[in-house]
Every structure is written in C-alpha cells, then in structure tokens.
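Q: Below is the file start-v8.cif, with mmCIF, C-alpha atoms.
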data_entry
loop_
_atom_site.group_PDB
_atom_site.id
_atom_site.type_symbol
_atom_site.label_atom_id
_atom_site.label_comp_id
_atom_site.auth_asym_id
_atom_site.auth_seq_id
_atom_site.Cartn_x
_atom_site.Cartn_y
_atom_site.Cartn_z
ATOM 1 C CA MET A 1 134.651 -112.826 -52.465
ATOM 2 C CA LYS A 2 131.927 -115.278 -53.445
ATOM 3 C CA PRO A 3 132.273 -115.678 -57.237
ATOM 4 C CA ALA A 4 129.907 -117.047 -59.845
ATOM 5 C CA PHE A 5 131.351 -118.365 -63.091
ATOM 6 C CA ILE A 6 129.306 -117.350 -66.128
ATOM 7 C CA PHE A 7 129.857 -118.745 -69.607
ATOM 8 C CA PRO A 8 129.104 -117.053 -72.958
ATOM 9 C CA GLY A 9 126.975 -118.501 -75.743
ATOM 10 C CA GLN A 10 126.718 -118.172 -79.501
ATOM 11 C CA GLY A 11 127.778 -114.830 -80.844
ATOM 12 C CA ALA A 12 130.922 -114.782 -78.692
ATOM 13 C CA GLN A 13 132.862 -116.923 -81.163
ATOM 14 C CA LYS A 14 135.639 -115.549 -83.344
ATOM 15 C CA VAL A 15 138.400 -117.087 -85.408
ATOM 16 C CA GLY A 16 141.576 -117.357 -83.332
ATOM 17 C CA MET A 17 139.896 -117.536 -79.925
ATOM 18 C CA GLY A 18 141.965 -119.414 -77.378
ATOM 19 C CA LYS A 19 145.092 -119.530 -79.566
ATOM 20 C CA GLU A 20 147.349 -117.670 -77.129
ATOM 21 C CA LEU A 21 146.275 -119.939 -74.274
ATOM 22 C CA TYR A 22 146.814 -123.026 -76.456
ATOM 23 C CA ASP A 23 150.351 -121.886 -77.235
ATOM 24 C CA ASN A 24 151.205 -121.299 -73.574
ATOM 25 C CA PHE A 25 149.457 -123.981 -71.496
ATOM 26 C CA ILE A 26 149.660 -127.746 -71.851
ATOM 27 C CA GLU A 27 146.281 -128.124 -70.129
ATOM 28 C CA VAL A 28 144.660 -126.175 -72.953
ATOM 29 C CA ARG A 29 146.403 -128.251 -75.602
ATOM 30 C CA ASP A 30 145.069 -131.394 -73.913
ATOM 31 C CA ILE A 31 141.503 -130.038 -74.061
ATOM 32 C CA PHE A 32 141.784 -129.167 -77.753
ATOM 33 C CA ASP A 33 143.335 -132.542 -78.599
ATOM 34 C CA THR A 34 140.563 -134.365 -76.743
ATOM 35 C CA ALA A 35 137.932 -132.353 -78.619
ATOM 36 C CA CYS A 36 139.428 -133.276 -82.003
ATOM 37 C CA GLU A 37 139.360 -136.937 -81.018
ATOM 38 C CA VAL A 38 135.784 -136.891 -79.682
ATOM 39 C CA LEU A 39 134.292 -134.902 -82.578
ATOM 40 C CA GLY A 40 136.210 -136.732 -85.293
ATOM 41 C CA TYR A 41 137.468 -133.635 -87.087
ATOM 42 C CA ASP A 42 140.118 -130.963 -86.580
ATOM 43 C CA ILE A 43 138.100 -128.444 -84.570
ATOM 44 C CA LYS A 44 141.378 -126.863 -83.446
ATOM 45 C CA SER A 45 142.148 -125.701 -87.006
ATOM 46 C CA LEU A 46 138.575 -124.478 -87.446
ATOM 47 C CA ILE A 47 138.790 -122.396 -84.263
ATOM 48 C CA PHE A 48 142.230 -120.974 -84.980
ATOM 49 C CA GLU A 49 142.083 -120.564 -88.775
ATOM 50 C CA GLY A 50 138.419 -120.524 -89.770
ATOM 51 C CA PRO A 51 136.912 -119.809 -92.186
ATOM 52 C CA LYS A 52 134.507 -117.658 -90.191
ATOM 53 C CA GLU A 53 131.499 -118.865 -92.205
ATOM 54 C CA GLU A 54 132.242 -122.464 -91.205
ATOM 55 C CA LEU A 55 132.845 -121.590 -87.551
ATOM 56 C CA ASN A 56 129.505 -119.732 -87.480
ATOM 57 C CA LYS A 57 127.534 -122.859 -88.445
ATOM 58 C CA THR A 58 125.656 -123.577 -85.252
ATOM 59 C CA PHE A 59 126.616 -127.264 -84.949
ATOM 60 C CA LYS A 60 130.284 -126.222 -85.092
ATOM 61 C CA THR A 61 129.999 -122.989 -83.113
ATOM 62 C CA GLN A 62 128.550 -124.777 -80.122
ATOM 63 C CA PRO A 63 131.293 -127.348 -79.436
ATOM 64 C CA ALA A 64 133.941 -124.768 -80.400
ATOM 65 C CA LEU A 65 132.782 -122.431 -77.637
ATOM 66 C CA ILE A 66 132.658 -125.326 -75.173
ATOM 67 C CA VAL A 67 136.295 -126.158 -76.003
ATOM 68 C CA VAL A 68 137.536 -122.625 -75.363
ATOM 69 C CA SER A 69 135.444 -122.029 -72.245
ATOM 70 C CA ILE A 70 136.411 -125.325 -70.615
ATOM 71 C CA SER A 71 140.076 -124.693 -71.458
ATOM 72 C CA ILE A 72 139.897 -121.473 -69.441
ATOM 73 C CA LEU A 73 137.934 -123.193 -66.677
ATOM 74 C CA GLN A 74 140.741 -125.749 -66.368
ATOM 75 C CA LEU A 75 143.294 -122.986 -65.891
ATOM 76 C CA LEU A 76 141.217 -121.305 -63.192
ATOM 77 C CA THR A 77 140.534 -124.448 -61.177
ATOM 78 C CA LYS A 78 144.144 -125.618 -61.526
ATOM 79 C CA ASN A 79 145.100 -122.392 -59.779
ATOM 80 C CA GLY A 80 142.583 -122.930 -56.991
ATOM 81 C CA LEU A 81 139.787 -120.627 -58.164
ATOM 82 C CA TYR A 82 136.366 -122.301 -57.962
ATOM 83 C CA PRO A 83 132.819 -120.951 -58.367
ATOM 84 C CA SER A 84 130.086 -120.819 -55.733
ATOM 85 C CA LEU A 85 127.446 -120.819 -58.484
ATOM 86 C CA ALA A 86 127.523 -121.360 -62.243
ATOM 87 C CA ALA A 87 125.363 -120.121 -65.094
ATOM 88 C CA GLY A 88 125.685 -119.824 -68.834
ATOM 89 C CA HIS A 89 124.035 -117.770 -71.525
ATOM 90 C CA SER A 90 122.129 -120.218 -73.770
ATOM 91 C CA LEU A 91 124.799 -122.618 -75.078
ATOM 92 C CA GLY A 92 126.992 -121.432 -72.192
ATOM 93 C CA GLU A 93 124.704 -123.333 -69.820
ATOM 94 C CA TYR A 94 126.432 -126.530 -70.992
ATOM 95 C CA SER A 95 129.841 -125.136 -69.994
ATOM 96 C CA ALA A 96 128.291 -124.232 -66.636
ATOM 97 C CA LEU A 97 127.161 -127.842 -66.244
ATOM 98 C CA VAL A 98 130.730 -129.018 -66.797
ATOM 99 C CA ALA A 99 131.913 -126.497 -64.192
ATOM 100 C CA ALA A 100 129.319 -127.836 -61.741
ATOM 101 C CA GLY A 101 130.332 -131.463 -62.304
ATOM 102 C CA VAL A 102 127.021 -132.409 -63.945
ATOM 103 C CA LEU A 103 128.461 -133.204 -67.381
ATOM 104 C CA ASP A 104 131.754 -134.688 -68.460
ATOM 105 C CA PHE A 105 133.610 -132.499 -70.976
ATOM 106 C CA LYS A 106 133.425 -135.192 -73.665
ATOM 107 C CA ASP A 107 129.675 -135.601 -73.184
ATOM 108 C CA ALA A 108 129.198 -131.828 -73.341
ATOM 109 C CA LEU A 109 130.951 -131.809 -76.725
ATOM 110 C CA ILE A 110 128.721 -134.567 -78.069
ATOM 111 C CA LEU A 111 125.573 -132.956 -76.699
ATOM 112 C CA THR A 112 126.268 -129.500 -78.070
ATOM 113 C CA GLU A 113 127.327 -130.735 -81.519
ATOM 114 C CA LYS A 114 124.086 -132.709 -81.813
ATOM 115 C CA ARG A 115 122.076 -129.891 -80.234
ATOM 116 C CA GLY A 116 123.380 -127.631 -82.986
ATOM 117 C CA ARG A 117 122.391 -130.141 -85.665
ATOM 118 C CA PHE A 118 118.896 -130.545 -84.192
ATOM 119 C CA MET A 119 118.487 -126.767 -84.193
ATOM 120 C CA GLN A 120 119.685 -126.417 -87.783
ATOM 121 C CA GLU A 121 117.363 -129.210 -88.951
ATOM 122 C CA ALA A 122 114.379 -127.588 -87.203
ATOM 123 C CA VAL A 123 114.725 -124.368 -89.215
ATOM 124 C CA PRO A 124 116.606 -124.451 -92.542
ATOM 125 C CA GLU A 125 119.398 -121.906 -92.959
ATOM 126 C CA GLU A 126 118.241 -118.472 -94.158
ATOM 127 C CA MET A 127 114.645 -119.193 -93.061
ATOM 128 C CA GLY A 128 115.017 -117.911 -89.488
ATOM 129 C CA LEU A 129 116.624 -114.899 -87.852
ATOM 130 C CA MET A 130 117.481 -113.400 -84.471
ATOM 131 C CA ALA A 131 117.897 -109.679 -83.854
ATOM 132 C CA ALA A 132 118.779 -107.446 -80.920
ATOM 133 C CA ILE A 133 116.433 -104.597 -80.033
ATOM 134 C CA LEU A 134 118.136 -101.808 -78.080
ATOM 135 C CA GLY A 135 116.379 -99.099 -76.118
ATOM 136 C CA LEU A 136 112.919 -100.596 -75.567
ATOM 137 C CA ASP A 137 111.497 -102.189 -72.417
ATOM 138 C CA ARG A 138 110.023 -105.678 -72.230
ATOM 139 C CA GLU A 139 106.412 -104.643 -72.671
ATOM 140 C CA SER A 140 107.216 -102.573 -75.759
ATOM 141 C CA VAL A 141 109.102 -105.446 -77.424
ATOM 142 C CA ASP A 142 106.290 -107.852 -76.546
ATOM 143 C CA ASN A 143 103.810 -105.513 -78.216
ATOM 144 C CA VAL A 144 106.005 -105.092 -81.302
ATOM 145 C CA CYS A 145 106.094 -108.861 -81.794
ATOM 146 C CA LEU A 146 102.320 -109.086 -81.410
ATOM 147 C CA ASP A 147 101.854 -106.410 -84.110
ATOM 148 C CA VAL A 148 103.909 -108.272 -86.735
ATOM 149 C CA GLU A 149 101.848 -109.602 -89.658
ATOM 150 C CA ALA A 150 104.548 -111.265 -91.818
ATOM 151 C CA GLY A 151 104.803 -114.427 -89.705
ATOM 152 C CA TYR A 152 106.020 -115.715 -86.349
ATOM 153 C CA VAL A 153 108.367 -113.717 -84.097
ATOM 154 C CA SER A 154 108.693 -113.538 -80.320
ATOM 155 C CA PRO A 155 111.027 -112.275 -77.575
ATOM 156 C CA ALA A 156 113.899 -114.748 -77.173
ATOM 157 C CA ASN A 157 116.505 -113.262 -74.802
ATOM 158 C CA TYR A 158 115.842 -110.781 -72.003
ATOM 159 C CA ASN A 159 119.520 -109.854 -71.699
ATOM 160 C CA CYS A 160 119.527 -106.645 -69.676
ATOM 161 C CA PRO A 161 117.494 -103.445 -69.332
ATOM 162 C CA GLY A 162 117.128 -102.024 -72.820
ATOM 163 C CA GLN A 163 118.520 -105.044 -74.658
ATOM 164 C CA ILE A 164 116.123 -107.750 -75.778
ATOM 165 C CA VAL A 165 116.650 -110.277 -78.559
ATOM 166 C CA ILE A 166 113.806 -111.473 -80.753
ATOM 167 C CA ALA A 167 113.648 -114.639 -82.855
ATOM 168 C CA GLY A 168 111.421 -116.192 -85.496
ATOM 169 C CA GLU A 169 110.827 -116.428 -89.210
ATOM 170 C CA LYS A 170 113.157 -114.171 -91.177
ATOM 171 C CA GLN A 171 110.549 -111.861 -92.726
ATOM 172 C CA ALA A 172 108.693 -111.548 -89.434
ATOM 173 C CA VAL A 173 111.870 -110.605 -87.544
ATOM 174 C CA GLU A 174 112.722 -108.021 -90.207
ATOM 175 C CA GLU A 175 109.242 -106.503 -89.876
ATOM 176 C CA ALA A 176 109.621 -106.465 -86.082
ATOM 177 C CA MET A 177 112.936 -104.626 -86.415
ATOM 178 C CA MET A 178 111.202 -101.953 -88.500
ATOM 179 C CA LEU A 179 108.285 -101.662 -86.037
ATOM 180 C CA ALA A 180 110.714 -101.464 -83.119
ATOM 181 C CA LYS A 181 112.447 -98.467 -84.684
ATOM 182 C CA GLU A 182 109.053 -96.813 -85.163
ATOM 183 C CA ALA A 183 108.332 -97.513 -81.479
ATOM 184 C CA GLY A 184 111.499 -95.684 -80.436
ATOM 185 C CA ALA A 185 114.221 -98.326 -80.396
ATOM 186 C CA LYS A 186 117.686 -96.777 -80.439
ATOM 187 C CA ARG A 187 119.018 -99.550 -82.653
ATOM 188 C CA THR A 188 118.121 -102.922 -84.127
ATOM 189 C CA MET A 189 120.638 -105.407 -85.494
ATOM 190 C CA PRO A 190 120.561 -108.992 -86.772
ATOM 191 C CA LEU A 191 122.735 -111.484 -84.871
ATOM 192 C CA LYS A 192 125.432 -113.754 -86.305
ATOM 193 C CA VAL A 193 123.670 -117.024 -85.530
ATOM 194 C CA SER A 194 122.323 -119.435 -88.127
ATOM 195 C CA VAL A 195 119.130 -120.503 -86.332
ATOM 196 C CA PRO A 196 116.408 -118.738 -84.277
ATOM 197 C CA SER A 197 116.800 -120.062 -80.717
ATOM 198 C CA HIS A 198 114.565 -119.747 -77.655
ATOM 199 C CA CYS A 199 111.270 -119.677 -79.498
ATOM 200 C CA THR A 200 108.621 -122.218 -80.500
ATOM 201 C CA LEU A 201 110.365 -122.918 -83.825
ATOM 202 C CA MET A 202 112.743 -125.043 -81.704
ATOM 203 C CA VAL A 203 110.104 -127.422 -80.276
ATOM 204 C CA GLU A 204 111.186 -130.267 -82.568
ATOM 205 C CA ALA A 205 114.838 -129.736 -81.610
ATOM 206 C CA SER A 206 113.865 -129.759 -77.906
ATOM 207 C CA GLU A 207 112.137 -133.118 -78.290
ATOM 208 C CA LYS A 208 115.169 -134.668 -79.983
ATOM 209 C CA LEU A 209 117.435 -133.219 -77.308
ATOM 210 C CA GLY A 210 115.314 -134.800 -74.590
ATOM 211 C CA GLU A 211 115.677 -138.203 -76.246
ATOM 212 C CA LEU A 212 119.438 -137.733 -76.516
ATOM 213 C CA PHE A 213 119.672 -137.030 -72.776
ATOM 214 C CA ASN A 214 118.701 -140.665 -72.160
ATOM 215 C CA THR A 215 122.072 -141.735 -73.619
ATOM 216 C CA ILE A 216 124.203 -139.306 -71.564
ATOM 217 C CA GLU A 217 125.248 -139.582 -67.914
ATOM 218 C CA PHE A 218 124.231 -136.598 -65.807
ATOM 219 C CA LYS A 219 125.667 -136.333 -62.280
ATOM 220 C CA LYS A 220 124.371 -134.515 -59.228
ATOM 221 C CA PRO A 221 125.758 -130.957 -59.289
ATOM 222 C CA ASP A 222 128.592 -129.990 -56.938
ATOM 223 C CA ILE A 223 127.296 -126.413 -56.878
ATOM 224 C CA PRO A 224 123.920 -124.891 -57.797
ATOM 225 C CA ILE A 225 123.149 -123.953 -61.399
ATOM 226 C CA VAL A 226 121.065 -120.899 -62.255
ATOM 227 C CA ASN A 227 119.079 -121.831 -65.335
ATOM 228 C CA ASN A 228 118.067 -119.752 -68.340
ATOM 229 C CA ALA A 229 114.466 -120.888 -68.641
ATOM 230 C CA ASP A 230 113.312 -119.923 -65.126
ATOM 231 C CA ALA A 231 116.209 -117.976 -63.551
ATOM 232 C CA MET A 232 116.099 -120.373 -60.598
ATOM 233 C CA LEU A 233 118.729 -122.151 -58.511
ATOM 234 C CA LEU A 234 118.709 -125.806 -59.594
ATOM 235 C CA THR A 235 120.286 -128.632 -57.624
ATOM 236 C CA THR A 236 118.529 -131.780 -58.908
ATOM 237 C CA LEU A 237 119.138 -133.727 -62.118
ATOM 238 C CA ASP A 238 115.477 -133.865 -63.128
ATOM 239 C CA SER A 239 115.109 -130.095 -62.858
ATOM 240 C CA ILE A 240 118.341 -129.507 -64.801
ATOM 241 C CA LYS A 241 117.391 -131.846 -67.658
ATOM 242 C CA ASP A 242 113.864 -130.440 -67.877
ATOM 243 C CA SER A 243 115.263 -126.920 -67.917
ATOM 244 C CA LEU A 244 117.709 -127.660 -70.746
ATOM 245 C CA ILE A 245 114.892 -129.025 -72.892
ATOM 246 C CA ARG A 246 112.656 -125.997 -72.280
ATOM 247 C CA GLN A 247 115.578 -123.609 -72.727
ATOM 248 C CA LEU A 248 115.570 -124.134 -76.497
ATOM 249 C CA ASN A 249 111.931 -123.192 -77.089
ATOM 250 C CA SER A 250 111.242 -120.578 -74.401
ATOM 251 C CA PRO A 251 112.680 -117.110 -73.697
ATOM 252 C CA LEU A 252 116.113 -116.874 -72.093
ATOM 253 C CA LEU A 253 115.910 -114.933 -68.814
ATOM 254 C CA TRP A 254 119.479 -113.672 -68.451
ATOM 255 C CA GLU A 255 118.740 -110.411 -66.623
ATOM 256 C CA ASP A 256 116.587 -112.345 -64.151
ATOM 257 C CA SER A 257 119.294 -115.016 -63.772
ATOM 258 C CA VAL A 258 121.911 -112.443 -62.808
ATOM 259 C CA ASN A 259 119.551 -110.922 -60.247
ATOM 260 C CA THR A 260 118.855 -114.391 -58.832
ATOM 261 C CA MET A 261 122.589 -114.913 -58.314
ATOM 262 C CA ILE A 262 122.995 -111.511 -56.661
ATOM 263 C CA ASP A 263 120.055 -112.288 -54.354
ATOM 264 C CA ALA A 264 121.812 -115.577 -53.484
ATOM 265 C CA GLY A 265 124.811 -113.625 -52.185
ATOM 266 C CA ILE A 266 127.080 -113.530 -55.242
ATOM 267 C CA ASP A 267 129.270 -110.425 -55.110
ATOM 268 C CA CYS A 268 131.579 -111.151 -58.048
ATOM 269 C CA PHE A 269 131.111 -112.577 -61.535
ATOM 270 C CA ILE A 270 133.828 -114.137 -63.680
ATOM 271 C CA GLU A 271 133.060 -114.494 -67.391
ATOM 272 C CA VAL A 272 134.858 -117.649 -68.530
ATOM 273 C CA GLY A 273 135.246 -117.771 -72.306
ATOM 274 C CA PRO A 274 135.867 -115.648 -75.384
ATOM 275 C CA GLY A 275 134.749 -112.056 -75.536
ATOM 276 C CA THR A 276 133.300 -109.703 -72.941
ATOM 277 C CA THR A 277 129.590 -109.823 -73.811
ATOM 278 C CA LEU A 278 128.371 -111.018 -70.420
ATOM 279 C CA THR A 279 130.596 -108.600 -68.514
ATOM 280 C CA GLY A 280 129.031 -105.804 -70.548
ATOM 281 C CA LEU A 281 125.513 -106.997 -69.743
ATOM 282 C CA LEU A 282 126.374 -107.205 -66.032
ATOM 283 C CA LYS A 283 127.305 -103.532 -65.943
ATOM 284 C CA LYS A 284 123.849 -102.659 -67.274
ATOM 285 C CA ILE A 285 122.022 -105.032 -64.913
ATOM 286 C CA ASP A 286 123.850 -103.973 -61.730
ATOM 287 C CA PRO A 287 126.810 -101.591 -62.084
ATOM 288 C CA LYS A 288 127.800 -102.110 -58.431
ATOM 289 C CA VAL A 289 128.695 -105.792 -58.835
ATOM 290 C CA LYS A 290 132.337 -106.688 -59.480
ATOM 291 C CA SER A 291 132.958 -108.494 -62.743
ATOM 292 C CA TYR A 292 135.952 -109.955 -64.557
ATOM 293 C CA ASN A 293 136.439 -111.748 -67.842
ATOM 294 C CA VAL A 294 139.103 -114.337 -68.635
ATOM 295 C CA ASN A 295 139.972 -115.035 -72.264
ATOM 296 C CA ASP A 296 143.771 -114.725 -72.554
ATOM 297 C CA ALA A 297 146.960 -114.993 -70.506
ATOM 298 C CA ALA A 298 146.894 -111.373 -69.327
ATOM 299 C CA SER A 299 143.304 -111.531 -68.056
ATOM 300 C CA LEU A 300 144.045 -114.894 -66.409
ATOM 301 C CA GLU A 301 146.963 -113.331 -64.547
ATOM 302 C CA ARG A 302 144.801 -110.389 -63.424
ATOM 303 C CA ILE A 303 142.039 -112.570 -62.039
ATOM 304 C CA LEU A 304 144.424 -114.863 -60.188
ATOM 305 C CA ALA A 305 146.126 -111.847 -58.635
ATOM 306 C CA ALA A 306 142.761 -110.407 -57.575
ATOM 307 C CA PHE A 307 141.827 -113.616 -55.757
ATOM 308 C CA LYS A 308 145.118 -114.233 -53.955
#
Would you kindly transcribe this structure into structure tokens?

A:
Amino acid sequence: MKPAFIFPGQGAQKVGMGKELYDNFIEVRDIFDTACEVLGYDIKSLIFEGPKEELNKTFKTQPALIVVSISILQLLTKNGLYPSLAAGHSLGEYSALVAAGVLDFKDALILTEKRGRFMQEAVPEEMGLMAAILGLDRESVDNVCLDVEAGYVSPANYNCPGQIVIAGEKQAVEEAMMLAKEAGAKRTMPLKVSVPSHCTLMVEASEKLGELFNTIEFKKPDIPIVNNADAMLLTTLDSIKDSLIRQLNSPLLWEDSVNTMIDAGIDCFIEVGPGTTLTGLLKKIDPKVKSYNVNDAASLERILAAFK
C-alpha cells in the first residue's frame, strides 16, 4: 500500500487526548516533556486535565494538537511506517510539515502558538464565528454568503460533498446559518473554535505569520506536501511558505486535496492524531479508499498489523 499521512486541525481537540499513549510509551513522554520546555508552561496538564475552555483557546489548541499528533507520528515511524505524501487540515498542515522533514518539532510548536495568538489578535473573541453547513453544494453556500446583509461571511472550508464551513463576523455567520436552512440545508452548527479562520479577516494574521517565517528554519521536504490553499503537490520551500501564509485568509480545499492525493496514486490514508474527523470526511469524498485512524494503543496496534 502507498499511504498518505493526514493530520487533523482545530476542532479535534479534547481533554485527555493522548493520555493512554503517554502512560505507555516513553517516546510520547519525551515529546510532551519537550513541549512543556519549549512553550514555557505545563501543556501536558492542560491537555490531560483541562479545563476545556482553556484548551479551546486557539493559541493553546494549536500547539496541543501538534504535541499529540507528533507523538503518534513518532510511534508510527519508530515501527517502520512512513508516508508517501503528507497533508493536514488547516493547523494539521504544520504536523504534516514535521512529518515531511520541513519543520523541526520545536519550531512547529513555536510557530503554531504564535499563529494562534496572531489569529486571536486579528479578531477579538466573541466577534467572529465559524459554522458548518450540511447538505448544500458549493454554489448554494456561495450564494447564501452573498445574500447576507449583517456583515462579512464567506466559505472557509470545502471539507467534503455536502459539508462546507463558513467563517466571518458573528452576526453575519448567524444570518448565513438561517439562510442556509431556508435554502434546504439539512443542518447548520457553530464550531468550537475561537477565531474565524480561512477568510479575509485573517489577512493581518497572515502578514505577521509571514514575518515570523523569516526567523524559522524550513528544510526541503523529504516527501511532497499537498497544501490546503491550492490542493497541489508542493516540493519547494518557497511554495510551501507562500501556501501557509495564504492558507489563513483563503478557503481550505480539503475535498480537492484528498482527490489530488488519490490522483497521485495514494490508495490508503492514515489519520494521525486525536479523533476520527478526517477519516469520516474521506468516506464521503471517496468511499472506496482505505482509511485508518491512530489515536490510542489499540488503533496503533491495528495499523501496524495491517502494514506488516
């Protein structure tokens, strides 16, 4: 099998994630200990004990998810399982860059913590919102956003057929949710993120992120990355950096990214990190493709057995 590793983003976090792996594998304990040292606070206790409200603050959510995802990545590679391609959903793209050898784990922690702060500063808490729209196609969601009168809202994540996320100013997103239901949406629901990503409200955060990149060492990737902003195979540092900057203020093309990987010959996807969100999306994008998720000892054992 030719696997791609895919890494989840914000929304996958939950209190207690990674605890079983931490208790059972020294490699995971080393990752958590390193993260506490680099970040200067006890992120291990935050991840394992919460409170949930603190973990859900975007500048803490982001490095927390990196810690758990890279812990699982370490266990996979230690056992000889490596990806042919890597991709991540939004924040998960930074875990993918670690998997591809572009970023050092410590640098990824620093980048994502500051990325979260830049995002929070760009739109004060409670002023923005993201929401999932289920059961409408792309054109219908585009039209809903154009019809909103309360303020700015736009499509943010094209996740899979029938699931599109919108982002913008809180009142505008709430109006869009109402209009989407009138247009035939099966369901609309706000997301548990504290800032509206992948829309033009993040332009200021993108600019700060670009400046921060000048202080971080990026290395040539060992394997191709499929990016969120264009759903393209990237192999050069300039294209990767440019993509990460645009990723924050332009729609996230996850459905297109998965199809790009399938077209490149990927016949198996392994979701590396907490939850099963991406595995669920894969089944809606292409039910024929094999997919696995790894987030605890039992799922780790299953995947290693499958690839023997």

Q: When the PyMOL selection byres ((chain A and resi 74) around 12) is applied to the file above, which residues end up in the set, as a VMD selection string?

A: chain A and resid 21 25 to 32 66 to 73 75 to 82 95 98 to 99 105 272 to 273 294 300

Q: Measuring atom to atom with only C-alpha atoms, identify which of A:Leu111, A:Val193, A:Leu129, A:Cys160 is nearest to Gln13 of chain A.

A: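 Going through A:Leu111, A:Val193, A:Leu129, A:Cys160 one by one, the smallest distance to Gln13 of chain A is for A:Val193.
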
Q: If you apply the PyMOL selection byres ((chain A and resi 92) around 9) to this file, what residues do you get, as a JSON list (two decimals) with C-alpha atoms, in the coordinates of the input?

A:
[["chain", "number", "residue", "atom", "x", "y", "z"],
["A", 6, "ILE", "CA", 129.31, -117.35, -66.13],
["A", 7, "PHE", "CA", 129.86, -118.74, -69.61],
["A", 8, "PRO", "CA", 129.10, -117.05, -72.96],
["A", 9, "GLY", "CA", 126.98, -118.50, -75.74],
["A", 10, "GLN", "CA", 126.72, -118.17, -79.50],
["A", 62, "GLN", "CA", 128.55, -124.78, -80.12],
["A", 65, "LEU", "CA", 132.78, -122.43, -77.64],
["A", 66, "ILE", "CA", 132.66, -125.33, -75.17],
["A", 69, "SER", "CA", 135.44, -122.03, -72.24],
["A", 87, "ALA", "CA", 125.36, -120.12, -65.09],
["A", 88, "GLY", "CA", 125.68, -119.82, -68.83],
["A", 89, "HIS", "CA", 124.04, -117.77, -71.53],
["A", 90, "SER", "CA", 122.13, -120.22, -73.77],
["A", 91, "LEU", "CA", 124.80, -122.62, -75.08],
["A", 93, "GLU", "CA", 124.70, -123.33, -69.82],
["A", 94, "TYR", "CA", 126.43, -126.53, -70.99],
["A", 95, "SER", "CA", 129.84, -125.14, -69.99],
["A", 96, "ALA", "CA", 128.29, -124.23, -66.64],
["A", 97, "LEU", "CA", 127.16, -127.84, -66.24]]

Q: With distances taken over only C-alpha atoms, which residue among A:Ser140, A:Ser257, A:Thr235, A:Asn157 lies nearest Lys181 of chain A?

A: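 Going through A:Ser140, A:Ser257, A:Thr235, A:Asn157 one by one, the smallest distance to Lys181 of chain A is for A:Ser140.
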
Q: Could you state which residues are captured by the PyMOL selection byres ((chain A and resi 63) around 9) in this file, as a PyMOL selection string?

A: chain A and resi 35+39+43+58-62+64-68+108-113+116

Q: Write out as JSON, numbers by chain each polymer residue whose atoms come within 9 Å of Lys19 of chain A, counting only C-alpha atoms; drop sequence neighbours fewer than 4 positions from it.

A: {"A": [23, 24, 47, 48, 296]}

Q: Which polymer residues have any atom within 10 Å of an atom of segment 174-176 of chain A, counting only C-alpha atoms, with same-chain residues fewer than 3 positions away left out, as an MDAnalysis selection string?

A: chainID A and resid 129:131 133 141 143:154 166:171 179:182 188:190

Q: Filtering to C-alpha atoms, could you give me those residues as a PDB file, in the coordinates of the input?

A:
ATOM      1  CA  LEU A 129     116.624-114.899 -87.852  1.00  0.00           C
ATOM      2  CA  MET A 130     117.481-113.400 -84.471  1.00  0.00           C
ATOM      3  CA  ALA A 131     117.897-109.679 -83.854  1.00  0.00           C
ATOM      4  CA  ILE A 133     116.433-104.597 -80.033  1.00  0.00           C
ATOM      5  CA  VAL A 141     109.102-105.446 -77.424  1.00  0.00           C
ATOM      6  CA  ASN A 143     103.810-105.513 -78.216  1.00  0.00           C
ATOM      7  CA  VAL A 144     106.005-105.092 -81.302  1.00  0.00           C
ATOM      8  CA  CYS A 145     106.094-108.861 -81.794  1.00  0.00           C
ATOM      9  CA  LEU A 146     102.320-109.086 -81.410  1.00  0.00           C
ATOM     10  CA  ASP A 147     101.854-106.410 -84.110  1.00  0.00           C
ATOM     11  CA  VAL A 148     103.909-108.272 -86.735  1.00  0.00           C
ATOM     12  CA  GLU A 149     101.848-109.602 -89.658  1.00  0.00           C
ATOM     13  CA  ALA A 150     104.548-111.265 -91.818  1.00  0.00           C
ATOM     14  CA  GLY A 151     104.803-114.427 -89.705  1.00  0.00           C
ATOM     15  CA  TYR A 152     106.020-115.715 -86.349  1.00  0.00           C
ATOM     16  CA  VAL A 153     108.367-113.717 -84.097  1.00  0.00           C
ATOM     17  CA  SER A 154     108.693-113.538 -80.320  1.00  0.00           C
ATOM     18  CA  ILE A 166     113.806-111.473 -80.753  1.00  0.00           C
ATOM     19  CA  ALA A 167     113.648-114.639 -82.855  1.00  0.00           C
ATOM     20  CA  GLY A 168     111.421-116.192 -85.496  1.00  0.00           C
ATOM     21  CA  GLU A 169     110.827-116.428 -89.210  1.00  0.00           C
ATOM     22  CA  LYS A 170     113.157-114.171 -91.177  1.00  0.00           C
ATOM     23  CA  GLN A 171     110.549-111.861 -92.726  1.00  0.00           C
ATOM     24  CA  LEU A 179     108.285-101.662 -86.037  1.00  0.00           C
ATOM     25  CA  ALA A 180     110.714-101.464 -83.119  1.00  0.00           C
ATOM     26  CA  LYS A 181     112.447 -98.467 -84.684  1.00  0.00           C
ATOM     27  CA  GLU A 182     109.053 -96.813 -85.163  1.00  0.00           C
ATOM     28  CA  THR A 188     118.121-102.922 -84.127  1.00  0.00           C
ATOM     29  CA  MET A 189     120.638-105.407 -85.494  1.00  0.00           C
ATOM     30  CA  PRO A 190     120.561-108.992 -86.772  1.00  0.00           C
TER      31      PRO A 190
END

Q: Atom CA of Glu126 of chain A to atom CA of Asn159 of chain A: how many Å, to one decimal?

A: 24.1 Å

Q: Nearest to Asn56 of chain A among A:Val195, A:Met177, A:Met119, A:Cys36, with distances taken over all atoms listed in the file: which residue is it?

A: A:Val195

Q: So what do you get for atom CA of Leu201 of chain A versus atom CA of Pro51 of chain A, distance-wise?

A: 28.0 Å

Q: Can you tell me, as a ChimeraX atom specification, what residues are no more than 7 Å from segment 206-223 of chain A when counting only C-alpha atoms, ignoring any on the same chain fewer than 6 positions away?

A: /A:84-85,100-103,107,115,118,235-237,245-246,248-249

Q: Write the residues of the selection above to a file with C-alpha atoms, as a short mmCIF file (atom, residue, chain, number, x, y, z; two decimals), in the coordinates of the input.

A:
data_model
loop_
_atom_site.label_atom_id
_atom_site.label_comp_id
_atom_site.auth_asym_id
_atom_site.auth_seq_id
_atom_site.Cartn_x
_atom_site.Cartn_y
_atom_site.Cartn_z
CA SER A 84 130.09 -120.82 -55.73
CA LEU A 85 127.45 -120.82 -58.48
CA ALA A 100 129.32 -127.84 -61.74
CA GLY A 101 130.33 -131.46 -62.30
CA VAL A 102 127.02 -132.41 -63.94
CA LEU A 103 128.46 -133.20 -67.38
CA ASP A 107 129.68 -135.60 -73.18
CA ARG A 115 122.08 -129.89 -80.23
CA PHE A 118 118.90 -130.54 -84.19
CA THR A 235 120.29 -128.63 -57.62
CA THR A 236 118.53 -131.78 -58.91
CA LEU A 237 119.14 -133.73 -62.12
CA ILE A 245 114.89 -129.02 -72.89
CA ARG A 246 112.66 -126.00 -72.28
CA LEU A 248 115.57 -124.13 -76.50
CA ASN A 249 111.93 -123.19 -77.09
#

Q: In Å, how far is it from atom CA of Val173 of chain A to atom CA of Gln120 of chain A?

A: 17.6 Å
